[in-house]
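query_15.cif follows; it contains mmCIF, C-alpha atoms.
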data_structure
loop_
_atom_site.label_atom_id
_atom_site.label_comp_id
_atom_site.auth_asym_id
_atom_site.auth_seq_id
_atom_site.Cartn_x
_atom_site.Cartn_y
_atom_site.Cartn_z
CA GLY R 154 -106.16 -74.45 -0.93
CA GLU R 155 -109.46 -74.28 0.83
CA ASP R 156 -109.42 -74.18 4.60
CA VAL R 157 -111.73 -72.88 7.31
CA GLU R 158 -110.42 -72.44 10.84
CA GLN R 159 -112.29 -71.74 14.05
CA SER R 160 -111.62 -72.12 17.75
CA LEU R 161 -112.94 -75.37 19.20
CA PHE R 162 -114.54 -74.20 22.46
CA LEU R 163 -116.29 -71.16 23.89
CA SER R 164 -117.89 -70.75 27.31
CA VAL R 165 -120.31 -67.90 27.91
CA ARG R 166 -122.58 -66.95 30.80
CA GLU R 167 -126.30 -67.05 30.17
CA GLY R 168 -127.50 -63.59 29.13
CA ASP R 169 -124.08 -62.49 27.82
CA SER R 170 -123.16 -62.20 24.15
CA SER R 171 -121.29 -65.00 22.42
CA VAL R 172 -118.84 -64.23 19.66
CA ILE R 173 -117.58 -67.08 17.51
CA ASN R 174 -114.76 -66.34 15.11
CA CYS R 175 -113.66 -67.99 11.90
CA THR R 176 -111.01 -67.47 9.25
CA TYR R 177 -110.96 -68.86 5.75
CA THR R 178 -108.37 -69.02 3.01
CA ASP R 179 -110.25 -69.15 -0.29
CA SER R 180 -110.44 -65.64 -1.70
CA SER R 181 -113.05 -66.87 -4.20
CA SER R 182 -115.53 -67.65 -1.44
CA THR R 183 -118.82 -66.03 -2.27
CA TYR R 184 -121.14 -67.43 0.37
CA LEU R 185 -120.21 -67.70 4.01
CA TYR R 186 -122.43 -69.66 6.35
CA TRP R 187 -123.05 -70.37 9.98
CA TYR R 188 -124.64 -73.71 10.85
CA LYS R 189 -125.79 -74.99 14.22
CA GLN R 190 -125.64 -78.64 15.23
CA GLU R 191 -127.20 -79.93 18.44
CA PRO R 192 -126.04 -83.26 19.93
CA GLY R 193 -126.94 -86.20 17.71
CA ALA R 194 -128.78 -83.96 15.27
CA GLY R 195 -128.33 -82.70 11.74
CA LEU R 196 -127.30 -79.26 10.59
CA GLN R 197 -129.45 -76.19 10.85
CA LEU R 198 -128.54 -73.22 8.67
CA LEU R 199 -128.59 -70.18 10.95
CA THR R 200 -127.60 -67.50 8.52
CA TYR R 201 -125.35 -66.70 5.58
CA ILE R 202 -123.72 -63.65 4.12
CA PHE R 203 -122.58 -62.74 0.64
CA SER R 204 -118.96 -61.79 0.22
CA ASN R 205 -119.94 -58.31 -0.96
CA MET R 206 -121.58 -57.55 2.38
CA ASP R 207 -119.82 -56.70 5.61
CA MET R 208 -122.64 -57.19 8.08
CA LYS R 209 -125.93 -59.00 8.39
CA GLN R 210 -128.30 -58.93 11.35
CA ASP R 211 -131.16 -61.32 12.03
CA GLN R 212 -132.82 -61.00 15.44
CA ARG R 213 -130.21 -62.10 18.02
CA LEU R 214 -127.65 -63.00 15.38
CA THR R 215 -125.12 -60.62 13.87
CA VAL R 216 -122.61 -61.72 11.25
CA LEU R 217 -119.57 -59.59 10.51
CA LEU R 218 -117.34 -60.17 7.50
CA ASN R 219 -113.89 -58.69 6.99
CA LYS R 220 -113.12 -59.78 3.46
CA LYS R 221 -109.64 -58.27 3.46
CA ASP R 222 -108.60 -60.38 6.45
CA LYS R 223 -110.87 -63.31 5.45
CA HIS R 224 -112.43 -63.19 8.90
CA LEU R 225 -116.03 -64.02 9.74
CA SER R 226 -117.73 -63.77 13.11
CA LEU R 227 -121.09 -64.72 14.57
CA ARG R 228 -122.42 -62.80 17.54
CA ILE R 229 -125.33 -64.24 19.51
CA ALA R 230 -126.91 -61.63 21.77
CA ASP R 231 -128.48 -62.59 25.12
CA THR R 232 -127.19 -66.16 24.95
CA GLN R 233 -129.65 -68.75 26.23
CA THR R 234 -129.26 -72.38 27.32
CA GLY R 235 -130.93 -73.43 24.06
CA ASP R 236 -127.98 -71.92 22.20
CA SER R 237 -125.72 -74.65 23.54
CA ALA R 238 -124.52 -76.48 20.41
CA ILE R 239 -121.67 -76.76 17.93
CA TYR R 240 -121.45 -73.89 15.47
CA PHE R 241 -119.86 -74.48 12.08
CA CYS R 242 -118.42 -71.80 9.87
CA ALA R 243 -118.54 -72.77 6.20
CA GLU R 244 -118.07 -71.35 2.70
CA ASN R 245 -118.51 -72.06 -0.97
CA ARG R 246 -118.17 -70.23 -4.27
CA ASN R 247 -121.62 -70.94 -5.60
CA ARG R 248 -124.56 -72.19 -3.61
CA ASP R 249 -124.58 -75.50 -5.44
CA ASP R 250 -120.82 -76.05 -5.03
CA LYS R 251 -119.36 -78.23 -2.33
CA ILE R 252 -119.38 -76.54 1.06
CA ILE R 253 -116.11 -76.33 3.01
CA PHE R 254 -116.68 -76.56 6.76
CA GLY R 255 -114.60 -75.63 9.78
CA LYS R 256 -114.27 -78.13 12.61
CA GLY R 257 -116.89 -76.38 14.68
CA THR R 258 -116.96 -74.33 17.88
CA ARG R 259 -118.62 -75.97 20.85
CA LEU R 260 -120.57 -73.30 22.73
CA HIS R 261 -121.08 -74.02 26.40
CA ILE R 262 -123.48 -71.89 28.43
CA LEU R 263 -122.64 -71.21 32.06
CA PRO R 264 -125.52 -70.58 34.48
CA ASN M 158 -143.10 -80.39 1.78
CA ALA M 159 -140.97 -82.98 3.53
CA GLY M 160 -137.31 -82.17 4.05
CA VAL M 161 -134.36 -84.29 3.04
CA MET M 162 -134.86 -87.84 4.26
CA GLN M 163 -132.10 -90.24 5.13
CA ASN M 164 -132.34 -93.84 6.16
CA PRO M 165 -131.45 -95.65 8.15
CA ARG M 166 -130.72 -93.12 10.88
CA HIS M 167 -128.41 -95.57 12.61
CA LEU M 168 -126.55 -98.43 10.99
CA VAL M 169 -124.28 -100.98 12.62
CA ARG M 170 -122.01 -103.14 10.52
CA ARG M 171 -119.19 -105.55 11.23
CA ARG M 172 -115.84 -105.10 9.57
CA GLY M 173 -115.92 -106.42 6.01
CA GLN M 174 -119.65 -105.97 5.50
CA GLU M 175 -121.30 -103.54 3.13
CA ALA M 176 -123.13 -100.39 4.18
CA ARG M 177 -125.84 -98.78 2.05
CA LEU M 178 -127.03 -95.33 2.98
CA ARG M 179 -130.06 -93.79 1.34
CA CYS M 180 -130.99 -90.18 0.73
CA SER M 181 -134.28 -88.90 -0.63
CA PRO M 182 -133.88 -85.26 -1.67
CA MET M 183 -136.50 -82.62 -1.15
CA LYS M 184 -139.27 -82.69 -3.71
CA GLY M 185 -138.10 -81.19 -6.99
CA HIS M 186 -134.43 -81.08 -6.04
CA SER M 187 -132.13 -82.50 -8.69
CA HIS M 188 -128.80 -82.01 -6.90
CA VAL M 189 -127.57 -84.26 -4.11
CA TYR M 190 -124.44 -83.99 -1.99
CA TRP M 191 -122.87 -86.38 0.48
CA TYR M 192 -120.72 -85.23 3.40
CA ARG M 193 -118.99 -87.23 6.12
CA GLN M 194 -118.50 -86.10 9.71
CA LEU M 195 -115.88 -88.02 11.65
CA PRO M 196 -116.11 -87.87 15.46
CA GLU M 197 -115.24 -84.42 16.80
CA GLU M 198 -114.70 -83.08 13.27
CA GLY M 199 -116.49 -80.83 10.81
CA LEU M 200 -118.23 -82.11 7.74
CA LYS M 201 -116.09 -83.08 4.76
CA PHE M 202 -117.47 -83.06 1.24
CA MET M 203 -117.51 -86.43 -0.49
CA VAL M 204 -119.51 -86.28 -3.71
CA TYR M 205 -121.96 -84.16 -5.67
CA LEU M 206 -124.46 -85.77 -8.00
CA GLN M 207 -127.20 -84.72 -10.33
CA LYS M 208 -129.70 -87.18 -11.71
CA GLU M 209 -127.72 -90.08 -13.21
CA ASN M 210 -124.46 -88.09 -13.20
CA ILE M 211 -121.56 -87.63 -10.82
CA ILE M 212 -120.54 -83.98 -11.01
CA ASP M 213 -117.74 -83.83 -8.42
CA GLU M 214 -116.31 -86.81 -6.54
CA SER M 215 -113.12 -85.11 -5.40
CA GLY M 216 -113.81 -85.95 -1.75
CA MET M 217 -114.64 -89.59 -2.26
CA PRO M 218 -112.10 -92.22 -1.19
CA LYS M 219 -110.80 -94.00 -4.28
CA GLU M 220 -111.61 -97.48 -3.06
CA ARG M 221 -114.67 -99.13 -1.49
CA PHE M 222 -116.90 -96.04 -1.77
CA SER M 223 -119.40 -95.38 -4.53
CA ALA M 224 -122.45 -93.19 -4.99
CA GLU M 225 -125.33 -93.04 -7.38
CA PHE M 226 -128.41 -90.94 -7.95
CA PRO M 227 -130.63 -92.81 -10.38
CA LYS M 228 -133.40 -91.34 -12.49
CA GLU M 229 -135.94 -92.81 -10.12
CA GLY M 230 -135.48 -93.39 -6.42
CA PRO M 231 -133.12 -92.18 -3.73
CA SER M 232 -129.42 -91.48 -3.91
CA ILE M 233 -127.33 -94.32 -2.50
CA LEU M 234 -123.93 -94.10 -0.86
CA ARG M 235 -122.36 -97.54 -0.79
CA ILE M 236 -119.38 -98.53 1.31
CA GLN M 237 -117.95 -101.96 0.64
CA GLN M 238 -115.87 -103.96 3.11
CA VAL M 239 -116.31 -101.43 5.88
CA VAL M 240 -113.48 -100.75 8.32
CA ARG M 241 -113.57 -99.13 11.78
CA GLY M 242 -112.36 -95.85 10.30
CA ASP M 243 -115.59 -95.61 8.28
CA SER M 244 -117.53 -95.03 11.51
CA ALA M 245 -118.96 -91.56 11.13
CA ALA M 246 -122.10 -89.57 10.51
CA TYR M 247 -122.97 -89.32 6.84
CA PHE M 248 -125.05 -86.35 5.82
CA CYS M 249 -126.90 -85.83 2.60
CA ALA M 250 -127.95 -82.44 1.27
CA SER M 251 -130.08 -81.50 -1.71
CA SER M 252 -130.65 -78.35 -3.69
CA LEU M 253 -132.19 -76.79 -6.74
CA PRO M 254 -129.69 -75.50 -9.32
CA ASP M 255 -127.65 -72.61 -7.93
CA ASN M 256 -129.58 -72.65 -4.69
CA GLU M 257 -129.21 -73.32 -0.99
CA GLN M 258 -128.33 -76.84 0.15
CA PHE M 259 -130.73 -78.39 2.66
CA PHE M 260 -129.30 -81.04 4.93
CA GLY M 261 -130.86 -84.29 6.08
CA PRO M 262 -130.66 -85.63 9.65
CA GLY M 263 -127.74 -87.92 8.85
CA THR M 264 -127.00 -91.63 9.10
CA ARG M 265 -124.73 -92.65 11.94
CA LEU M 266 -122.64 -95.62 10.87
CA THR M 267 -120.90 -97.70 13.51
CA VAL M 268 -118.46 -100.37 12.42
CA LEU M 269 -117.76 -103.03 15.02
#
What do you get writing this file as structure tokens?
Amino acid sequence: GEDVEQSLFLSVREGDSSVINCTYTDSSSTYLYWYKQEPGAGLQLLTYIFSNMDMKQDQRLTVLLNKKDKHLSLRIADTQTGDSAIYFCAENRNRDDKIIFGKGTRLHILP
Amino acid sequence: NAGVMQNPRHLVRRRGQEARLRCSPMKGHSHVYWYRQLPEEGLKFMVYLQKENIIDESGMPKERFSAEFPKEGPSILRIQQVVRGDSAAYFCASSLPDNEQFFGPGTRLTVL
């Protein structure tokens, strides 16, 4: 079946790096996504990675993919208060297929 | 180019009433998706539509829920005889064929 798991909470000090981890079960997943949701708001696509890649970097964001272990991570360098949000790991087989979401990791920034 | 529009943003209904949620896709997008987010949960896929066709409704509850995407006008998600458990945020997304899905701001439904 299709399942995406991630830890529910993460607390990080301002200026440190945040690492949010995710595992998925569908070996046919082709696209793996990280979305950000601020309180009461919609979803913002932060980044995505193809399953044939193992790393993608975009400014403060680094995505690592271990396809063998079906493990995805998002690293946010120099975490700021504006990074406080819920981060969803998600996947699908084709970009116009249904997206399977994890339950989200709530990132809390400590002063 | 306006993004995906959803209205209303907030909707309050009493148990037994009907809820109608609207989604206007991005200009030129022919694919529409509906997802539901229960409190403290991730988004769950409900239905995927193309113009006048339902492509995948595997996530749609069998009763009381229906969706349409007519040739003209917005996509509508209709919930009949709402119950408290229907309280959630309902998100619409749209895409071009084989392309990224863009999400709307959501409609927050509260059932009293």
Per residue of chain M within 8 Å of chain R, note the shortest atom pair and the distance in Å to one decimal, counting only C-alpha atoms, and order the rows by chain and increasing residue number, as CSV.
residue,atom,partner,partner_atom,distance
M:His188,CA,R:Asp249,CA,7.9
M:Tyr190,CA,R:Lys251,CA,7.7
M:Glu197,CA,R:Lys256,CA,7.6
M:Glu198,CA,R:Lys256,CA,5.0
M:Gly199,CA,R:Lys256,CA,3.9
M:Leu200,CA,R:Phe254,CA,5.8
M:Lys201,CA,R:Phe254,CA,6.8
M:Phe202,CA,R:Lys251,CA,6.3
M:Tyr205,CA,R:Lys251,CA,7.3
M:Phe248,CA,R:Gly195,CA,7.7
M:Ser252,CA,R:Asp249,CA,6.9
M:Leu253,CA,R:Asp249,CA,7.8
M:Pro254,CA,R:Asp249,CA,6.4
M:Asp255,CA,R:Asp249,CA,4.9
M:Asn256,CA,R:Arg248,CA,5.2
M:Glu257,CA,R:Arg248,CA,5.5
M:Gln258,CA,R:Asp249,CA,6.9
M:Phe260,CA,R:Leu196,CA,6.3
M:Gly261,CA,R:Gly195,CA,6.4
M:Pro262,CA,R:Gly195,CA,4.3
M:Gly263,CA,R:Gly195,CA,6.0
All residues 10 Å or closer to Arg177 of chain M, all atoms listed in the file, same chain fewer than 6 positions away omitted, as a PyMOL selection string | chain M and resi 164-165+168+223-224+233-237+266
Exercise: Ser204 of chain R partners within 8 Å, only C-alpha atoms, chain neighbours under 4 positions left out, as a PyMOL selection string | chain R and resi 182-185+218+220
Excluding same-chain residues fewer than 5 positions from Leu217 of chain R, what lies within 10 Å of it counting all atoms listed in the file, as a short mmCIF file (atom, residue, chain, number, x, y, z; two decimals) with C-alpha atoms, in the frame of the given file?
data_model
loop_
_atom_site.label_atom_id
_atom_site.label_comp_id
_atom_site.auth_asym_id
_atom_site.auth_seq_id
_atom_site.Cartn_x
_atom_site.Cartn_y
_atom_site.Cartn_z
CA ASN R 174 -114.76 -66.34 15.11
CA ILE R 202 -123.72 -63.65 4.12
CA MET R 206 -121.58 -57.55 2.38
CA ASP R 207 -119.82 -56.70 5.61
CA MET R 208 -122.64 -57.19 8.08
CA LYS R 209 -125.93 -59.00 8.39
CA GLN R 210 -128.30 -58.93 11.35
CA HIS R 224 -112.43 -63.19 8.90
CA LEU R 225 -116.03 -64.02 9.74
CA SER R 226 -117.73 -63.77 13.11
CA LEU R 227 -121.09 -64.72 14.57
CA ARG R 228 -122.42 -62.80 17.54
#
Run the PyMOL selection byres ((chain M and resi 170) around 8) mentally over the shown coordinates, then write out the matched residues as a list in words, using the chain letters and numbers from the document.
->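 Checking the PyMOL selection byres ((chain M and resi 170) around 8) against this file, the residues are Leu168, Val169, Arg171, Arg172, Gln174, Glu175, Ala176, Val239, Leu266, Thr267, Val268 and Leu269 of chain M.
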Any idea what's packed within 12 Å of Gly235 of chain R, counting all atoms listed in the file, ignoring anything in its chain fewer than 5 positions away? Could you give it as an NGL selection string?
-> :R and (167-168 or 189-192 or 229 or 260-263)
Looking at M:Leu206, M:Asp243, M:Ser215, M:Ser251, which one is nearest to Arg193 of chain M, with distances taken over all atoms listed in the file?
->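 For Arg193 of chain M, the nearest of the given residues is M:Asp243.
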Find, counting all atoms listed in the file, the residue in M:Leu195, M:Ile211, M:Met217, M:Val204 that gets nearest to Arg241 of chain M.
->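 Checking each of M:Leu195, M:Ile211, M:Met217, M:Val204 against Arg241 of chain M, counting all atoms listed in the file, the winner is M:Leu195.
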So how many Å separate atom CA of Ser187 of chain M and atom CA of Ser232 of chain M, to one decimal?
-> 10.5 Å
Going by the chain IDs and residue numbers used in this file, which residues fall under the PyMOL selection byres ((chain R and resi 170) around 8)? Write them as a PDB file with C-alpha atoms, in the coordinates of the input.
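See expr_1.pdb below for the written result:
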ATOM      1  CA  VAL R 165    -120.310 -67.900  27.910  1.00  0.00           C
ATOM      2  CA  GLY R 168    -127.500 -63.590  29.130  1.00  0.00           C
ATOM      3  CA  ASP R 169    -124.080 -62.490  27.820  1.00  0.00           C
ATOM      4  CA  SER R 171    -121.290 -65.000  22.420  1.00  0.00           C
ATOM      5  CA  VAL R 172    -118.840 -64.230  19.660  1.00  0.00           C
ATOM      6  CA  ARG R 228    -122.420 -62.800  17.540  1.00  0.00           C
ATOM      7  CA  ILE R 229    -125.330 -64.240  19.510  1.00  0.00           C
ATOM      8  CA  ALA R 230    -126.910 -61.630  21.770  1.00  0.00           C
ATOM      9  CA  ASP R 231    -128.480 -62.590  25.120  1.00  0.00           C
ATOM     10  CA  THR R 232    -127.190 -66.160  24.950  1.00  0.00           C
TER      11      THR R 232
END
Atom CA of Ala245 of chain M to atom CA of Thr264 of chain M, distance in Å rounded to a single decimal =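 Pair atom CA of Ala245 of chain M / atom CA of Thr264 of chain M returns 8.3 Å.
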Written as a ChimeraX atom specification, which residues does the PyMOL selection byres ((chain R and resi 159) around 6) give for the file shown?
-> /R:158,160,175
Measure the distance from atom CA of Ser180 of chain R to atom CA of Gln194 of chain M in Å and round it to one decimal.
->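 Calculated distance between atom CA of Ser180 of chain R and atom CA of Gln194 of chain M is 24.8 Å.
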